[in-house]
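Participant: To start, I am sharing the structure in question, which I have written as structure tokens.
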Amino acid sequence: MGAKVKPKKSLGQHFLNDLEIAKRIADTIQPDQLPASAKKWGELPVVEVGPGMGVLSRFLKDNGRTVKAVELDEESVEFLHKVFTGLDVVHADFLTLNLNTIFDNTSFALIGNYPYNISSQIFFKVLEYRDLIPVVSGMLQKEVAQRICSKPGSKVYGILSVFLQVWYDCEYLFDVPPGVFSPPPKVTSGVLRLTRNNRVSIDCDESHFKNVVKTAFGQRRKTLRNSLSSLLPPDSALRNDPVLNLRPERLGVEDFISLTKEIYKN
């Protein structure tokens with residue numbers, strides 16, 4: 001592995017200590033690495049979630065972007081202030097933070113070594129602020145990263161996959177082995193990148209859409225005919241549609257949108 005940084009006292013987290021991998025993660029939001037459709041966002045300011053010891057922060061700052069690091073742990077905040085002079089550290093819980101206030105309603109890229117235990121919550125929050133966050137990158141548990149980026153037909157494709165892929169193009173970039181952390185986690189990590197697509201509307205009520213997706217995957221081993229039975233109007237022509245013979249993981253985003261429109265058309 002590459003050069004390593006000595007970790008501070010553990011705060012119950014797994015600290016990345018390989019600087020080459022840290023730089024590789026930080027560079028995922030650089031203009032020359034973004035997909036062609038996303039290069040227009042390559043100069044946006046950056047919000048880093050959970051900087052910990054600042055292993056990503058140093059490279060994000062070196063990349064010349066405006067960076068704000070959101071950190072909840074007080075000991076980490078003190079450490080960052082001492083080691084990274086000039087780093088703008090926001091002492092707050094990202095999950096409860098009003099993201100409109102960070103850059104005064106200006107769009108930003110989001111990046112981080114996301115804590116495993118709240119990574120799904122972080123990405124649900126991204127959905128809330130999807131028009132403010134056109135680029136998301138970072139590291140989380142490989143299993144979760146793969147689930148987010150999985151396509152219809154995959155066994156791990158699920159609710160978060162559908163919700164995010166409505167609004168973002170999702171890429172799984174690379175694995176990060178346990179040995180580059182202190183202490184090493186028991187699982188492999190993965191790095192992904194999300195870039196906002198051109199969709200501005202899903203042409204149906206979003207709460208209805210979410211209800212259909214959640215209900216379908218709530219009983220993912222059953223066919224849609226069974227899992228969605230409570231949502232289907234008695235006289236709906238949809239009851240005879242062959243699509244209901246499928247399990248939810250077979251349907252793509254557009255299929256779920258069409259299904260929602262048909263279920264709630266009246």
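Scheme for the structure tokens: letters A, B, ... for chains in order shown; per-chain residue numbers from 1; ligand numbers from 1 in order shown.
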Extract the full set of strand (DSSP E) residues from range 123-204 of chain A according to DSSP on the backbone, and format it as a list in words.
Facilitator: Val135, Val136, Ser137, Gly138, Met139, Leu140, Gln141, Tyr168, Asp169, Cys170, Glu171, Tyr172, Leu173, Phe174, Asp175, Val176, Phe181, Ser182, Ser189, Gly190, Val191, Leu192, Arg193, Leu194, Thr195 and Arg196 of chain A
Participant: Between range 141-213 of chain A and range 15-35 of chain A, at 9 Å or less, what are the per-residue closest atom pairs and their distances in Å? Count only C-alpha atoms, order by chain and rising residue number, and return it as a tab-separated table.
Facilitator:
```
residue	atom	partner	partner_atom	distance
A:Leu173	CA	A:Thr28	CA	8.9
A:Val176	CA	A:Ile21	CA	7.9
A:Val180	CA	A:Asp18	CA	5.6
A:Phe181	CA	A:Leu16	CA	4.4
A:Ser182	CA	A:Phe15	CA	5.1
A:Pro183	CA	A:Phe15	CA	6.9
A:Pro184	CA	A:Phe15	CA	8.3
A:Val191	CA	A:Ile25	CA	7.3
A:Leu192	CA	A:Thr28	CA	8.8
A:Arg193	CA	A:Thr28	CA	7.4
A:Thr195	CA	A:Pro35	CA	8.2
```
Participant: What does the distance from CA of Thr96 in chain A to CA of Asn198 in chain A come to in Å, to one decimal?
Facilitator: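 Taking CA of Thr96 in chain A and CA of Asn198 in chain A, their separation equals 27.5 Å.
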Participant: Of the residues A:Asp131, A:Glu171, A:Glu143, A:Asp255, which is the one nearest to Val200 in chain A, using only C-alpha atoms?
Facilitator: A:Asp131
Participant: Excluding Ser76 in chain A and residues on its chain fewer than 5 positions from it, collect all residues at most 8 Å away from it, counting only C-alpha atoms, and give them as a PDB file with all heavy atoms, in the first residue's frame.
Facilitator:
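Below is the file part_24.pdb, written as the result:
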```
ATOM      1  N   GLY A  52     -13.170  13.209  10.400  1.00  0.00           N
ATOM      2  CA  GLY A  52     -12.328  12.457  11.335  1.00  0.00           C
ATOM      3  C   GLY A  52     -10.971  13.101  11.518  1.00  0.00           C
ATOM      4  O   GLY A  52     -10.845  14.201  12.056  1.00  0.00           O
ATOM      5  N   MET A  53      -9.905  12.421  11.062  1.00  0.00           N
ATOM      6  CA  MET A  53      -8.549  12.944  11.178  1.00  0.00           C
ATOM      7  C   MET A  53      -8.162  13.839  10.018  1.00  0.00           C
ATOM      8  O   MET A  53      -7.052  14.341   9.958  1.00  0.00           O
ATOM      9  CB  MET A  53      -7.543  11.781  11.227  1.00  0.00           C
ATOM     10  CG  MET A  53      -7.713  10.870  12.405  1.00  0.00           C
ATOM     11  SD  MET A  53      -6.454   9.577  12.342  1.00  0.00           S
ATOM     12  CE  MET A  53      -6.879   8.785  10.793  1.00  0.00           C
ATOM     13  N   GLU A  71     -18.477  17.841  11.004  1.00  0.00           N
ATOM     14  CA  GLU A  71     -18.038  16.820  11.964  1.00  0.00           C
ATOM     15  C   GLU A  71     -18.816  16.969  13.258  1.00  0.00           C
ATOM     16  O   GLU A  71     -18.905  18.060  13.819  1.00  0.00           O
ATOM     17  CB  GLU A  71     -16.534  16.971  12.230  1.00  0.00           C
ATOM     18  CG  GLU A  71     -15.979  16.018  13.273  1.00  0.00           C
ATOM     19  CD  GLU A  71     -16.201  14.560  12.943  1.00  0.00           C
ATOM     20  OE1 GLU A  71     -15.667  14.093  11.919  1.00  0.00           O
ATOM     21  OE2 GLU A  71     -16.931  13.901  13.707  1.00  0.00           O
TER      22      GLU A  71
END
```
Participant: Rounded to one decimal place, report the CA of Val90 in chain A-CA of Val70 in chain A distance in Å.
Facilitator: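 Computed distance, CA of Val90 in chain A to CA of Val70 in chain A, equals 4.7 Å.
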Participant: Which residues, written as a ChimeraX atom specification, have at least one atom at most 10 Å from range 123-125 of chain A, with only C-alpha atoms counted and residues fewer than 4 positions away on the same chain left out?
Facilitator: /A:94-97,99,114,118-119,129-130,136,148,160,163-164
Participant: Report as a list in words all protein, DNA and RNA residues lying within 6 Å of range 207-224 of chain A, evaluated on only C-alpha atoms, omitting residues in the same chain fewer than 5 positions from it.
Facilitator: Leu244, Asn245, Leu246, Arg247, Pro248 and Thr260 of chain A
Participant: Quick one: residues within 7 Å of Pro177 in chain A, only C-alpha atoms counted, chain neighbours fewer than 2 positions away excluded, as a ChimeraX atom specification?
Facilitator: /A:175,179-180,188-189
Participant: Mind writing the picked residues with all heavy atoms as a short mmCIF file (atom, residue, chain, number, x, y, z; two decimals), in the first residue's frame?
Facilitator:
```
data_model
loop_
_atom_site.label_atom_id
_atom_site.label_comp_id
_atom_site.auth_asym_id
_atom_site.auth_seq_id
_atom_site.Cartn_x
_atom_site.Cartn_y
_atom_site.Cartn_z
N ASP A 175 -12.98 -0.98 -4.91
CA ASP A 175 -12.97 -1.55 -3.56
C ASP A 175 -11.87 -0.91 -2.72
O ASP A 175 -10.85 -0.45 -3.25
CB ASP A 175 -12.68 -3.06 -3.60
CG ASP A 175 -13.80 -3.86 -4.24
OD1 ASP A 175 -14.88 -3.30 -4.50
OD2 ASP A 175 -13.57 -5.07 -4.49
N GLY A 179 -7.44 -3.70 5.36
CA GLY A 179 -6.12 -3.47 5.92
C GLY A 179 -5.61 -2.05 5.88
O GLY A 179 -4.58 -1.74 6.49
N VAL A 180 -6.32 -1.15 5.19
CA VAL A 180 -5.86 0.23 5.12
C VAL A 180 -6.55 1.12 6.15
O VAL A 180 -6.48 2.34 6.07
CB VAL A 180 -6.04 0.81 3.70
CG1 VAL A 180 -5.25 0.01 2.69
CG2 VAL A 180 -7.52 0.85 3.31
N THR A 188 -15.21 -5.29 3.60
CA THR A 188 -14.57 -4.48 2.56
C THR A 188 -15.40 -3.22 2.33
O THR A 188 -16.62 -3.23 2.45
CB THR A 188 -14.46 -5.29 1.25
OG1 THR A 188 -13.64 -6.42 1.49
CG2 THR A 188 -13.85 -4.45 0.12
N SER A 189 -14.72 -2.13 2.02
CA SER A 189 -15.41 -0.88 1.72
C SER A 189 -15.44 -0.67 0.20
O SER A 189 -14.73 -1.34 -0.54
CB SER A 189 -14.70 0.30 2.39
OG SER A 189 -14.67 0.13 3.79
#
```
